[in-house]
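Below: the structure, in structure tokens.
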Number of protein chains: 4
Amino acid sequence: MIIVMKLDVAEEDIKRVEEQLEELGYASHLIRGVDRIVIGAVGDKKREGASSLELLPGVEKVVPVMAPYKLVSREVKPENSLIDIGDGVVFGSQELVVMAGPCAVEDEERLFTVAEKVAAAGARLLRGGAFKPRTSPYSFQGLEEEGLKLLAQARQKTGLKIVTEVVNPQDVELVSSYADILQVGARNMQNYVLLRELGRQSRPVLLKRGLSATIEEWLMSAEYILSEGNYSVILCERGIRTFENYTRSTLDISAVPVVKGRSHLPIVVDPSHSSGDRKLVPALSRASIAAGADGLLIEVHPQPEKAMCDGPQSLTPHDFEILMGELRALAPLCGRRL
Amino acid sequence: MIIVMKLDVAEEDIKRVEEQLEELGYASHLIRGVDRIVIGAVGDKKREGASSLELLPGVEKVVPVMAPYKLVSREVKPENSLIDIGDGVVFGSQELVVMAGPCAVEDEERLFTVAEKVAAAGARLLRGGAFKPRTSPYSFQGLEEEGLKLLAQARQKTGLKIVTEVVNPQDVELVSSYADILQVGARNMQNYVLLRELGRQSRPVLLKRGLSATIEEWLMSAEYILSEGNYSVILCERGIRTFENYTRSTLDISAVPVVKGRSHLPIVVDPSHSSGDRKLVPALSRASIAAGADGLLIEVHPQPEKAMCDGPQSLTPHDFEILMGELRALAPLCGRRL
Amino acid sequence: MIIVMKLDVAEEDIKRVEEQLEELGYASHLIRGVDRIVIGAVGDKKREGASSLELLPGVEKVVPVMAPYKLVSREVKPENSLIDIGDGVVFGSQELVVMAGPCAVEDEERLFTVAEKVAAAGARLLRGGAFKPRTSPYSFQGLEEEGLKLLAQARQKTGLKIVTEVVNPQDVELVSSYADILQVGARNMQNYVLLRELGRQSRPVLLKRGLSATIEEWLMSAEYILSEGNYSVILCERGIRTFENYTRSTLDISAVPVVKGRSHLPIVVDPSHSSGDRKLVPALSRASIAAGADGLLIEVHPQPEKAMCDGPQSLTPHDFEILMGELRALAPLCGRRL
Amino acid sequence: MIIVMKLDVAEEDIKRVEEQLEELGYASHLIRGVDRIVIGAVGDKKREGASSLELLPGVEKVVPVMAPYKLVSREVKPENSLIDIGDGVVFGSQELVVMAGPCAVEDEERLFTVAEKVAAAGARLLRGGAFKPRTSPYSFQGLEEEGLKLLAQARQKTGLKIVTEVVNPQDVELVSSYADILQVGARNMQNYVLLRELGRQSRPVLLKRGLSATIEEWLMSAEYILSEGNYSVILCERGIRTFENYTRSTLDISAVPVVKGRSHLPIVVDPSHSSGDRKLVPALSRASIAAGADGLLIEVHPQPEKAMCDGPQSLTPHDFEILMGELRALAPLCGRRL
């Protein structure tokens, strides 16, 4: 931590900062510059109240030096984490993992149809929401446990693994009894009660980035899960909110190499939610793989124009099959296979 | 709902849209412009799947015409809602309501000290977090029920009402047994499980705006609470996330008159969290009242430089007293009293 | 400048950084922390290439310690700058200065009508664009010199001073031969050719903040003008671009106290452009004065519903008169007069 | 254009809107919905003042139906535009065009070194700034005409074409006498005086997207150039400003397929400025090609750690050569060659 002092700082102000640092358990190093005095604070952990040093007289600002996350950091664990969900499906490995399916589980027929098609095209997991967090209380909120049962049946039929969202800390046990991966949606990225609950069980967690979350905050949310004992976290970039309105969100493609540089956790991309437009999904899927993503989460619906939610961003099974062909050709160039 | 057709649309595409509209329960009106054909869709409610019309051939885009919220809308209820929390404290009335206190409840001594001082200066509610949602799992997370008890004792001593945050749907009953107003933090603005739970009980709710929430989404979150039966919602603007980094968030002062125009619910401002800097709090407090806010939520700590969280944005009791004097003079010019 | 080294940095990497610092003219101070080594660099000016230190092996990041602006800084000049434009109109003084008028100069009759009305209501300057930077090449681009002449005639008739925009560096002389203050629009805030030209002449400059400019960049643009010799710069906050779309821009009200803390230059607010909605203008005007602004720039049009540009955000002369009455009552509470 | 009326609109208000529309040259179509009345306005061009209809009593809002750009639109010209700059270098063709070189032209030796290396690696154009728009007036501002001469000599030696920035409308002739493509920087995207000047000459223009420009505004800026007669415009995505601060800007990768869908103009990506970090440049370059970009603009410097500007984002010639190899393999999978 670096404390930058004001231009006209008095010696007694410097002394007071040094005393406060000592009280907080830091050693201090004074640097007298030409225009400006700064104090380097050396200590073995981030302590409560350090930021309040800014309030002492003569202090201009406090600059933290270290990133606040630890367990998720590549500095702590240099090699990639492999998240193995069984049957040879391993996130973070050489294999690209594609998850596909409808936004929401609507009924048996549509779900099974789409499951079979995406399995045939090479997807390894079926996605589909049973609990749907919707902006409007008047929108379809999901089939709940009935939806989970349909997902489990689809797994039975197709061999696909299941990824589905959990929104209520109390439902974690229920959802994990059906699903292979528990998804945390963008709106719940900082629902710490839910994150802690997920950290206390062993199912892998797919953690979506919040709409206005910095990468640092996203990694801190992953840190919540790891700090409770569950190290199986897959990060999912799904677009951030900006002023641009030709797309629903702005896919932050740079997040893929940035996260890869800073963390050992696998990262996948959701091109469907980030764009909100199925015409953009193929280009964004290819770009994500080219940028180094470990997998994709793609919405596919047998009749997008009749979907109960997010139809405009859903591919048809036919479009999905074509896209998978393109990605299969692209993978080896990125040191991957599909 | 308006459906804008593509430039080169075929007659059969128009027909297909009209058929789909009929199936969804809408009547359609065709307008042939010079360059462009648009179809107006008339119906009595927003139906699932309407947005999927965008996927039909020949459709350029679908433009919704009505705001998605109803119960919170001033169109439905033109007069201001008054939220009465007892002892003459009424949000939305002529009286400005000031809530003040520390970020977190830390210990008895500090809490009682600050409670007495803010009460003496004219605050009507004591704020203080017992359950703290923190970005880092390693930061102080609050005293939990012990903190609630201290708040209740402070109420006993000072006559101040209590506003405190609830983060877990399971804790709603517990927190409402101690608090007068239940606060939903910015990170939980779209925690719909929590919102529904709060809608099913009768304590007033202070709903903070999410960091990247549009005003429309914020009103939709309030709609969740009202739609479950609890009409006592107070909105709280607390800054949105932008690229500017001299302040922690950007206080969206325009939100005050915008919300006043669109909704009958009271709106207050939190100048402490939005700026993250106590030097800015007085100016932002005055601006909020001048813009028409119904009240303020201000952090006050007896020793900000030793606070366990958010010290840099906390006023001292002395600064708070000075600010209250300024606001008291300002209120009558805004048709208020304090 | 602080250089933060990587966790596993080698001694030779530290040595290389120290050598490079020496070559750039800095003295270096090494601080060995528990986890991390940082190097403080002390020197008498910001040198080219310092940021490239980040590329040396072992370097994690480079943290600048000082703000990059100098002449505009309150550290360099603690007392407020007073910008005197004659006839007792002084920006930065105790008097609030209100500038009002149409978005664009359209014709003699409308301009003179509005000029007389805003003068009668207490405005001190007439605003009106003769050169209009418009998003579309097909929109009305202004009356150019003809518009300047009309403004000068309106000054003659009413005694109002004139503020008008200049968009072309070649027109600076022309515009300054008619206007009392030269306005730089938001889109030109980083048009350095224009800024330098304005710095080389003596008319005061009203510098609008760019839509996505940080406060630091805005102050750096002012620094361009001052560094060429013209110290008469008035800053104008006019809203920044965010995801919120119920308003055209988001008025960054915090910018007022932030700029007041960091710079000696006067700052005014344009509530018309920031909101794009005349219904919001009164609340935002009051808030701006309450936050400490030195003045306002407000659009007024005799028939807003027939204006050639920005009608929706223009007040009628009658609304303006009412607003001026409110501001006149408010001013003394903010230590001002109007 | 659709005019949405208020819930409780009076018949006379509807009449007034219809009259105003007639006056503006529109035909009107009334649609009476269940809750809401809307009026469709049909006319052959966008007229001044249409937005002011919002001010009429009873009007809730005005929704434009058509995009405001014409000449740049794919609706007007369905096939891709090919921008031929000679010697077989054609933007928008099957060949990917890579432009590379230093941020600024610094001296003969470094420029020629880097030019030879990027030519050998397969670049077709040399980039390098002679006029540098810098945030600080105290930063290196470029070698000006001396820099242009060096660029021309480098072209002579290597056969590379030259792309360089023009910042002053008065310099357009000078710069176009040396350069093959004239670059408009992000800060000048809405410098309409400059855009018009560039539209009146025949050199191709590389138009960078402004930091907070929507895609629509960017296309409108291109429209300025085309509307003056110069149809040779290449769009360049270079990142937009968001709250994320691990990267300098956020590369909006979706802009590539969005622009391709809406416009016939070629689009390239600048991965160097958007990230500000050379470690991210390879991943973002690959992603851009995979998303469908027509080319890249990449910073390469012989000794990035000694560069006078933007060192941290510059590749070494060696890194650039490796990247070109990767892109060469990737191109055929995207229907391209390099």
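All residue names refer to the structure tokens as shown: chains lettered A, B, ... in order, residues numbered from 1 in each chain, ligands numbered from 1 in order.
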
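For Glu11 (chain D), the non-local neighbours within 12 Å, defined as residues at least 6 positions apart in the same chain or in other chains and counting only C-alpha atoms, are D:Met5, D:Val17, D:Glu18, D:Leu30, D:Arg32, D:Ile37, D:Pro57, D:Gly58, D:Val59.
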
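Within 9 Å of chain D, and using only C-alpha atoms, the residues found on chain B are Ile2, Val4, Leu7, Asp8, Ala27, His29, Ile31, Arg32, Gly33, Val34, Asp35, Arg36, Val38, Gly40, Ala41, Val42, Gly43, Asp44, Lys45, Val63, Val65, Met66, Glu75, Arg241, Thr242, Phe243, Glu244 and Asn245 of chain B.
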
#### Entry: Computed interatomic separation between CA of Gly295 (chain D) and CA of Thr135 (chain D) (Å)
27.2 Å

### Query
as a ChimeraX atom specification, which residues of region 202-297 of chain A does DSSP assign to helix (DSSP H, G or I)?
/A:215-227,255-262,271-275,278-291

### Query
Skipping near chain neighbours, those fewer than 4 positions away, what residues fall within 6 Å of Gly101 (chain A) using only C-alpha atoms, listed as a list in words?
Leu126, Arg127, Gly128, Glu299 and Val300 of chain A

Convert the current residue selection to file output with N, CA and C atoms, as a PDB file, in the first residue's frame.
```pdb
ATOM      1  N   LEU A 126     -26.330 -29.883 -21.783  1.00  0.00           N
ATOM      2  CA  LEU A 126     -27.611 -29.263 -22.126  1.00  0.00           C
ATOM      3  C   LEU A 126     -27.854 -28.133 -21.145  1.00  0.00           C
ATOM      4  N   ARG A 127     -28.148 -26.940 -21.667  1.00  0.00           N
ATOM      5  CA  ARG A 127     -28.513 -25.841 -20.789  1.00  0.00           C
ATOM      6  C   ARG A 127     -30.031 -25.669 -20.837  1.00  0.00           C
ATOM      7  N   GLY A 128     -30.592 -25.029 -19.833  1.00  0.00           N
ATOM      8  CA  GLY A 128     -32.037 -24.806 -19.818  1.00  0.00           C
ATOM      9  C   GLY A 128     -32.431 -24.355 -18.426  1.00  0.00           C
ATOM     10  N   GLU A 299     -27.558 -20.504 -26.768  1.00  0.00           N
ATOM     11  CA  GLU A 299     -28.989 -20.801 -26.752  1.00  0.00           C
ATOM     12  C   GLU A 299     -29.445 -21.370 -28.091  1.00  0.00           C
ATOM     13  N   VAL A 300     -30.134 -22.516 -28.001  1.00  0.00           N
ATOM     14  CA  VAL A 300     -30.676 -23.180 -29.190  1.00  0.00           C
ATOM     15  C   VAL A 300     -32.123 -23.537 -28.873  1.00  0.00           C
TER      16      VAL A 300
END
```

Could you give me, as a PDB file with C-alpha atoms, in the first residue's frame, the residues within 9 Å of Glu108 (chain D), counting only C-alpha atoms and dropping anything in the same chain fewer than 6 positions from it?
```
ATOM      1  CA  GLY D 147       7.550  12.695 -39.878  1.00  0.00           C
ATOM      2  CA  LEU D 150      10.207   9.832 -43.183  1.00  0.00           C
ATOM      3  CA  LEU D 151       7.053   7.810 -43.827  1.00  0.00           C
ATOM      4  CA  ALA D 154       9.991   4.220 -45.726  1.00  0.00           C
TER       5      ALA D 154
END
```

### Task
Could you please write out, as a ChimeraX atom specification, every residue of region 41-254 of chain D that DSSP assigns to strand (DSSP E)?
/D:41-42,59-63,83-84,90-91,97-101,125-127,161-165,181-184,205-208,233-237

#### Entry: Exercise: Thr316 (chain C) partners within 7 Å, only C-alpha atoms, chain neighbours under 5 positions left out, as a PyMOL selection string
chain C and resi 300-304

Go ahead and save the picked residues with N, CA and C atoms, as a PDB file, in the first residue's frame.
```
ATOM      1  N   VAL C 300     -33.536  28.264 -24.058  1.00  0.00           N
ATOM      2  CA  VAL C 300     -34.861  28.883 -24.006  1.00  0.00           C
ATOM      3  C   VAL C 300     -35.243  29.205 -25.448  1.00  0.00           C
ATOM      4  N   HIS C 301     -36.471  28.903 -25.806  1.00  0.00           N
ATOM      5  CA  HIS C 301     -36.937  29.125 -27.180  1.00  0.00           C
ATOM      6  C   HIS C 301     -38.368  29.649 -27.110  1.00  0.00           C
ATOM      7  N   PRO C 302     -38.703  30.628 -27.943  1.00  0.00           N
ATOM      8  CA  PRO C 302     -40.059  31.195 -27.836  1.00  0.00           C
ATOM      9  C   PRO C 302     -41.151  30.181 -28.178  1.00  0.00           C
ATOM     10  N   GLN C 303     -40.852  29.222 -29.063  1.00  0.00           N
ATOM     11  CA  GLN C 303     -41.827  28.185 -29.419  1.00  0.00           C
ATOM     12  C   GLN C 303     -41.098  26.858 -29.523  1.00  0.00           C
ATOM     13  N   PRO C 304     -40.810  26.230 -28.394  1.00  0.00           N
ATOM     14  CA  PRO C 304     -39.982  25.012 -28.424  1.00  0.00           C
ATOM     15  C   PRO C 304     -40.504  23.965 -29.397  1.00  0.00           C
TER      16      PRO C 304
END
```

### Task
Tell me, as an MDAnalysis selection string, which residues lie within 7 Å of Ile253 (chain B), counting only C-alpha atoms; anything in the same chain fewer than 5 positions away does not count.
(chainID B and resid 288) or (chainID C and resid 251 253)

Selected residues written out with C-alpha atoms, as a PDB file, in the first residue's frame:
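Result file is selection.pdb:
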```
ATOM      1  CA  SER B 288     -30.531  16.046  -3.879  1.00  0.00           C
TER       2      SER B 288
ATOM      3  CA  LEU C 251     -25.659  14.892 -15.499  1.00  0.00           C
ATOM      4  CA  ILE C 253     -23.526  16.543 -10.506  1.00  0.00           C
TER       5      ILE C 253
END
```

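For region 164-171 of chain C, the set of protein, DNA and RNA residues having any atom at most 7 Å away, when counting only C-alpha atoms and skipping those fewer than 4 positions along the same chain, is C:Arg127, C:Gly128, C:Gly129, C:Phe131, C:Val175, C:Ala179, C:Ile181, C:Leu182, C:Gln183, C:Val184, C:Gly185, C:Val193, C:Leu194, C:Glu197, D:Val193.
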
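Pairwise distance (CA of Ala67 (chain D), CA of Glu216 (chain D)) equals 8.0 Å.
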
### Query
Pick the closest to Tyr192 (chain B) from A:Val163, A:Lys132, A:Leu226, A:Pro266: which is it, counting only C-alpha atoms?
A:Lys132

### Query
Of the candidates D:Leu330, D:Leu148, D:Leu55, D:Leu315, which shows the shortest atom-to-atom distance to Gly276 (chain C), using only C-alpha atoms?
D:Leu55
